[in-house]
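These notes concern the structure reproduced below.
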Amino acid sequence: MAHLKSLTTNAQPITAQEHAARIAKVQGLMQQRKTAAADRRGGPFAPYFPGIRWFRSERTTAAIIPAEGKVVVVTPFFEEPSVREWLKIPAEVRPWKEDESPFTLIVGACAITRRRKPASRRIDHAFLHRR
């Protein structure tokens with residue numbers, strides 16, 4: 001076992017440029033498929049696009065990725081500072097308070113995205129999960 005080398009020795013953090021390239025790539029695919037927006041919820045792959053590390057919980061945090069424009073992140077009010085700290089891309093952060101519904105903010109972000117393009121564009125919640 002002494003001869004085994006660590007696989008992480010030369011590992012580098014994913015850069016902001018790489019996160020931006022990922023967003024640009026998925027936005028291009030969404031435009032081709034006439035998808036207005038896709039949402040990304042917490043889980044082990046949550047950091048892939050916006051760089052935020054968060055996990056599923058009873059308090060919703062979601063990243064809405066529009067086919068064009070900035071990502072919108074909906075998060076609990078008390079999580080806003082840590083979300084802003086983790087973000088690796090330019091994004092609009094929309095915090096929600098305990099007496100508010102995060103889903104109202106998510107729907108609002110999706111509605112704004114749909115108005116930018118024809119009504120034929122749909123909101124696809126599974127888009128980012130397909131291969």
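Residue numbering restarts at 1 for every chain of the structure tokens, chains are lettered A, B, ... in their displayed order, and ligands are numbered from 1 as they appear.
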
Which polymer residues have any atom within 6 Å of an atom of region 59-76 of chain A, counting only C-alpha atoms, with same-chain residues fewer than 3 positions away left out, as a PyMOL selection string?
-> chain A and resi 27+30-31+36-41+79+91-96

Write a file of the just-selected residues containing N, CA and C atoms, as a compact mmCIF listing (two decimals), in the first residue's frame.
```txt
# COMPACT_ATOMS: atom_id res chain seq x y z
N GLN A 27 -27.18 26.29 -21.64
CA GLN A 27 -28.08 27.30 -22.21
C GLN A 27 -28.18 27.12 -23.73
N MET A 30 -30.43 24.21 -24.32
CA MET A 30 -31.82 24.58 -24.02
C MET A 30 -32.42 25.39 -25.16
N GLN A 31 -31.65 26.29 -25.74
CA GLN A 31 -32.13 27.09 -26.87
C GLN A 31 -32.45 26.20 -28.07
N ALA A 36 -37.28 26.93 -22.03
CA ALA A 36 -37.11 28.27 -21.47
C ALA A 36 -36.20 28.28 -20.25
N ALA A 37 -36.34 27.28 -19.39
CA ALA A 37 -35.56 27.26 -18.16
C ALA A 37 -35.50 25.84 -17.60
N ALA A 38 -34.52 25.62 -16.78
CA ALA A 38 -34.40 24.35 -16.07
C ALA A 38 -34.06 24.68 -14.62
N ASP A 39 -34.56 23.87 -13.71
CA ASP A 39 -34.22 24.14 -12.32
C ASP A 39 -33.31 23.05 -11.79
N ARG A 40 -32.48 23.46 -10.87
CA ARG A 40 -31.51 22.56 -10.25
C ARG A 40 -31.71 22.67 -8.75
N ARG A 41 -32.04 21.56 -8.13
CA ARG A 41 -32.25 21.54 -6.68
C ARG A 41 -31.02 20.95 -6.00
N GLU A 79 -29.84 31.65 4.63
CA GLU A 79 -28.78 30.99 3.86
C GLU A 79 -28.16 31.91 2.81
N ALA A 91 -25.14 35.62 -10.62
CA ALA A 91 -26.52 35.13 -10.45
C ALA A 91 -27.31 36.15 -9.64
N GLU A 92 -28.61 36.10 -9.83
CA GLU A 92 -29.51 36.89 -9.01
C GLU A 92 -29.97 36.00 -7.86
N VAL A 93 -29.77 36.44 -6.64
CA VAL A 93 -30.18 35.65 -5.47
C VAL A 93 -31.49 36.23 -4.94
N ARG A 94 -32.49 35.36 -4.83
CA ARG A 94 -33.80 35.77 -4.32
C ARG A 94 -34.09 35.01 -3.03
N PRO A 95 -33.84 35.65 -1.89
CA PRO A 95 -34.10 34.97 -0.61
C PRO A 95 -35.58 34.98 -0.26
N TRP A 96 -36.01 33.94 0.44
CA TRP A 96 -37.38 33.88 0.93
C TRP A 96 -37.37 33.74 2.44
```

Pick from A:Ser6, A:Ile89, A:Ser57, A:Arg84: nearest to Ala24 (chain A), with only C-alpha atoms counted?
->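 Nearest to Ala24 (chain A): A:Ile89.
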
Determine which residues of region 1-112 of chain A DSSP labels as strand (DSSP E or B) from the backbone of this structure, then write them out as a ChimeraX atom specification.
-> /A:35-41,62-66,71-76,91-96

Pull N, CA and C atoms from the residues just selected and write them as a PDB file, in the first residue's frame.
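Writing the result to again.pdb gives the following:
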```pdb
ATOM      1  N   THR A  35     -36.321  25.092 -24.757  1.00  0.00           N
ATOM      2  CA  THR A  35     -36.616  24.990 -23.333  1.00  0.00           C
ATOM      3  C   THR A  35     -36.308  26.342 -22.712  1.00  0.00           C
ATOM      4  N   ALA A  36     -37.279  26.926 -22.030  1.00  0.00           N
ATOM      5  CA  ALA A  36     -37.110  28.272 -21.466  1.00  0.00           C
ATOM      6  C   ALA A  36     -36.199  28.281 -20.249  1.00  0.00           C
ATOM      7  N   ALA A  37     -36.343  27.281 -19.394  1.00  0.00           N
ATOM      8  CA  ALA A  37     -35.556  27.262 -18.155  1.00  0.00           C
ATOM      9  C   ALA A  37     -35.503  25.842 -17.604  1.00  0.00           C
ATOM     10  N   ALA A  38     -34.525  25.620 -16.776  1.00  0.00           N
ATOM     11  CA  ALA A  38     -34.398  24.353 -16.067  1.00  0.00           C
ATOM     12  C   ALA A  38     -34.064  24.683 -14.623  1.00  0.00           C
ATOM     13  N   ASP A  39     -34.564  23.871 -13.715  1.00  0.00           N
ATOM     14  CA  ASP A  39     -34.216  24.142 -12.319  1.00  0.00           C
ATOM     15  C   ASP A  39     -33.307  23.055 -11.792  1.00  0.00           C
ATOM     16  N   ARG A  40     -32.481  23.456 -10.872  1.00  0.00           N
ATOM     17  CA  ARG A  40     -31.507  22.561 -10.245  1.00  0.00           C
ATOM     18  C   ARG A  40     -31.706  22.670  -8.750  1.00  0.00           C
ATOM     19  N   ARG A  41     -32.043  21.562  -8.126  1.00  0.00           N
ATOM     20  CA  ARG A  41     -32.253  21.542  -6.680  1.00  0.00           C
ATOM     21  C   ARG A  41     -31.023  20.951  -6.002  1.00  0.00           C
ATOM     22  N   ALA A  62     -32.983  26.493  -4.805  1.00  0.00           N
ATOM     23  CA  ALA A  62     -33.003  26.056  -6.201  1.00  0.00           C
ATOM     24  C   ALA A  62     -32.275  27.064  -7.069  1.00  0.00           C
ATOM     25  N   ALA A  63     -31.645  26.563  -8.098  1.00  0.00           N
ATOM     26  CA  ALA A  63     -31.018  27.422  -9.117  1.00  0.00           C
ATOM     27  C   ALA A  63     -31.850  27.271 -10.387  1.00  0.00           C
ATOM     28  N   ILE A  64     -32.387  28.379 -10.867  1.00  0.00           N
ATOM     29  CA  ILE A  64     -33.144  28.385 -12.110  1.00  0.00           C
ATOM     30  C   ILE A  64     -32.191  28.844 -13.207  1.00  0.00           C
ATOM     31  N   ILE A  65     -31.950  27.975 -14.168  1.00  0.00           N
ATOM     32  CA  ILE A  65     -31.045  28.301 -15.264  1.00  0.00           C
ATOM     33  C   ILE A  65     -31.905  28.625 -16.482  1.00  0.00           C
ATOM     34  N   PRO A  66     -31.915  29.896 -16.896  1.00  0.00           N
ATOM     35  CA  PRO A  66     -32.703  30.273 -18.071  1.00  0.00           C
ATOM     36  C   PRO A  66     -31.942  29.944 -19.364  1.00  0.00           C
ATOM     37  N   VAL A  71     -28.486  33.208 -14.062  1.00  0.00           N
ATOM     38  CA  VAL A  71     -29.102  32.198 -13.219  1.00  0.00           C
ATOM     39  C   VAL A  71     -29.787  32.915 -12.058  1.00  0.00           C
ATOM     40  N   VAL A  72     -30.925  32.378 -11.613  1.00  0.00           N
ATOM     41  CA  VAL A  72     -31.629  32.894 -10.440  1.00  0.00           C
ATOM     42  C   VAL A  72     -31.548  31.829  -9.356  1.00  0.00           C
ATOM     43  N   VAL A  73     -31.088  32.209  -8.178  1.00  0.00           N
ATOM     44  CA  VAL A  73     -31.009  31.277  -7.051  1.00  0.00           C
ATOM     45  C   VAL A  73     -32.039  31.700  -6.015  1.00  0.00           C
ATOM     46  N   VAL A  74     -32.906  30.761  -5.653  1.00  0.00           N
ATOM     47  CA  VAL A  74     -33.917  30.974  -4.624  1.00  0.00           C
ATOM     48  C   VAL A  74     -33.441  30.208  -3.391  1.00  0.00           C
ATOM     49  N   THR A  75     -33.363  30.904  -2.265  1.00  0.00           N
ATOM     50  CA  THR A  75     -32.799  30.286  -1.064  1.00  0.00           C
ATOM     51  C   THR A  75     -33.418  30.894   0.188  1.00  0.00           C
ATOM     52  N   PRO A  76     -33.417  30.164   1.305  1.00  0.00           N
ATOM     53  CA  PRO A  76     -33.907  30.760   2.549  1.00  0.00           C
ATOM     54  C   PRO A  76     -33.105  32.011   2.915  1.00  0.00           C
ATOM     55  N   ALA A  91     -25.145  35.620 -10.624  1.00  0.00           N
ATOM     56  CA  ALA A  91     -26.515  35.135 -10.448  1.00  0.00           C
ATOM     57  C   ALA A  91     -27.315  36.148  -9.639  1.00  0.00           C
ATOM     58  N   GLU A  92     -28.606  36.095  -9.827  1.00  0.00           N
ATOM     59  CA  GLU A  92     -29.515  36.888  -9.012  1.00  0.00           C
ATOM     60  C   GLU A  92     -29.973  35.997  -7.865  1.00  0.00           C
ATOM     61  N   VAL A  93     -29.774  36.437  -6.637  1.00  0.00           N
ATOM     62  CA  VAL A  93     -30.182  35.650  -5.472  1.00  0.00           C
ATOM     63  C   VAL A  93     -31.487  36.229  -4.941  1.00  0.00           C
ATOM     64  N   ARG A  94     -32.487  35.363  -4.828  1.00  0.00           N
ATOM     65  CA  ARG A  94     -33.803  35.772  -4.321  1.00  0.00           C
ATOM     66  C   ARG A  94     -34.093  35.010  -3.028  1.00  0.00           C
ATOM     67  N   PRO A  95     -33.837  35.646  -1.887  1.00  0.00           N
ATOM     68  CA  PRO A  95     -34.095  34.972  -0.610  1.00  0.00           C
ATOM     69  C   PRO A  95     -35.581  34.982  -0.265  1.00  0.00           C
ATOM     70  N   TRP A  96     -36.009  33.943   0.443  1.00  0.00           N
ATOM     71  CA  TRP A  96     -37.382  33.885   0.928  1.00  0.00           C
ATOM     72  C   TRP A  96     -37.373  33.735   2.443  1.00  0.00           C
TER      73      TRP A  96
END
```

Find the residues near Ala16 (chain A): any atom within 10 Å, counting only C-alpha atoms, skip ones fewer than 3 places away on the same chain, and give them as a list in words.
->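 Those residues are Pro13, His19, Ala20, Ala21, Arg22, Phe49, Pro50, Gly51, Leu87, Lys88, Ile89 and Pro90 of chain A.
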
Can those selected residues be exported to a file as a PDB file, in the first residue's frame so that it contains N, CA and C atoms?
```
ATOM      1  N   PRO A  13      -9.290  23.078  -7.858  1.00  0.00           N
ATOM      2  CA  PRO A  13     -10.701  23.452  -7.748  1.00  0.00           C
ATOM      3  C   PRO A  13     -11.247  23.857  -9.121  1.00  0.00           C
ATOM      4  N   HIS A  19     -17.333  26.931 -14.501  1.00  0.00           N
ATOM      5  CA  HIS A  19     -18.763  26.974 -14.163  1.00  0.00           C
ATOM      6  C   HIS A  19     -19.530  27.787 -15.204  1.00  0.00           C
ATOM      7  N   ALA A  20     -18.964  28.924 -15.626  1.00  0.00           N
ATOM      8  CA  ALA A  20     -19.609  29.760 -16.641  1.00  0.00           C
ATOM      9  C   ALA A  20     -19.719  29.005 -17.973  1.00  0.00           C
ATOM     10  N   ALA A  21     -18.700  28.252 -18.323  1.00  0.00           N
ATOM     11  CA  ALA A  21     -18.729  27.465 -19.560  1.00  0.00           C
ATOM     12  C   ALA A  21     -19.808  26.390 -19.492  1.00  0.00           C
ATOM     13  N   ARG A  22     -19.975  25.784 -18.342  1.00  0.00           N
ATOM     14  CA  ARG A  22     -21.026  24.774 -18.172  1.00  0.00           C
ATOM     15  C   ARG A  22     -22.404  25.394 -18.363  1.00  0.00           C
ATOM     16  N   PHE A  49     -23.298  23.253 -11.757  1.00  0.00           N
ATOM     17  CA  PHE A  49     -23.509  24.469 -12.541  1.00  0.00           C
ATOM     18  C   PHE A  49     -23.158  25.743 -11.774  1.00  0.00           C
ATOM     19  N   PRO A  50     -23.849  26.060 -10.668  1.00  0.00           N
ATOM     20  CA  PRO A  50     -23.567  27.349 -10.022  1.00  0.00           C
ATOM     21  C   PRO A  50     -22.407  27.330  -9.033  1.00  0.00           C
ATOM     22  N   GLY A  51     -21.960  26.141  -8.647  1.00  0.00           N
ATOM     23  CA  GLY A  51     -20.868  26.065  -7.694  1.00  0.00           C
ATOM     24  C   GLY A  51     -21.317  26.072  -6.241  1.00  0.00           C
ATOM     25  N   LEU A  87     -21.341  30.895  -4.561  1.00  0.00           N
ATOM     26  CA  LEU A  87     -21.611  31.096  -5.982  1.00  0.00           C
ATOM     27  C   LEU A  87     -20.324  31.312  -6.777  1.00  0.00           C
ATOM     28  N   LYS A  88     -20.220  30.620  -7.877  1.00  0.00           N
ATOM     29  CA  LYS A  88     -19.042  30.756  -8.740  1.00  0.00           C
ATOM     30  C   LYS A  88     -19.383  31.479 -10.040  1.00  0.00           C
ATOM     31  N   ILE A  89     -20.642  31.863 -10.208  1.00  0.00           N
ATOM     32  CA  ILE A  89     -21.104  32.512 -11.433  1.00  0.00           C
ATOM     33  C   ILE A  89     -21.923  33.745 -11.071  1.00  0.00           C
ATOM     34  N   PRO A  90     -22.092  34.677 -12.000  1.00  0.00           N
ATOM     35  CA  PRO A  90     -23.004  35.796 -11.738  1.00  0.00           C
ATOM     36  C   PRO A  90     -24.437  35.249 -11.657  1.00  0.00           C
TER      37      PRO A  90
END
```

Point-to-point distance in Å for CA of Phe78 (chain A) and CA of Lys97 (chain A) |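 So the answer is 8.1 Å.
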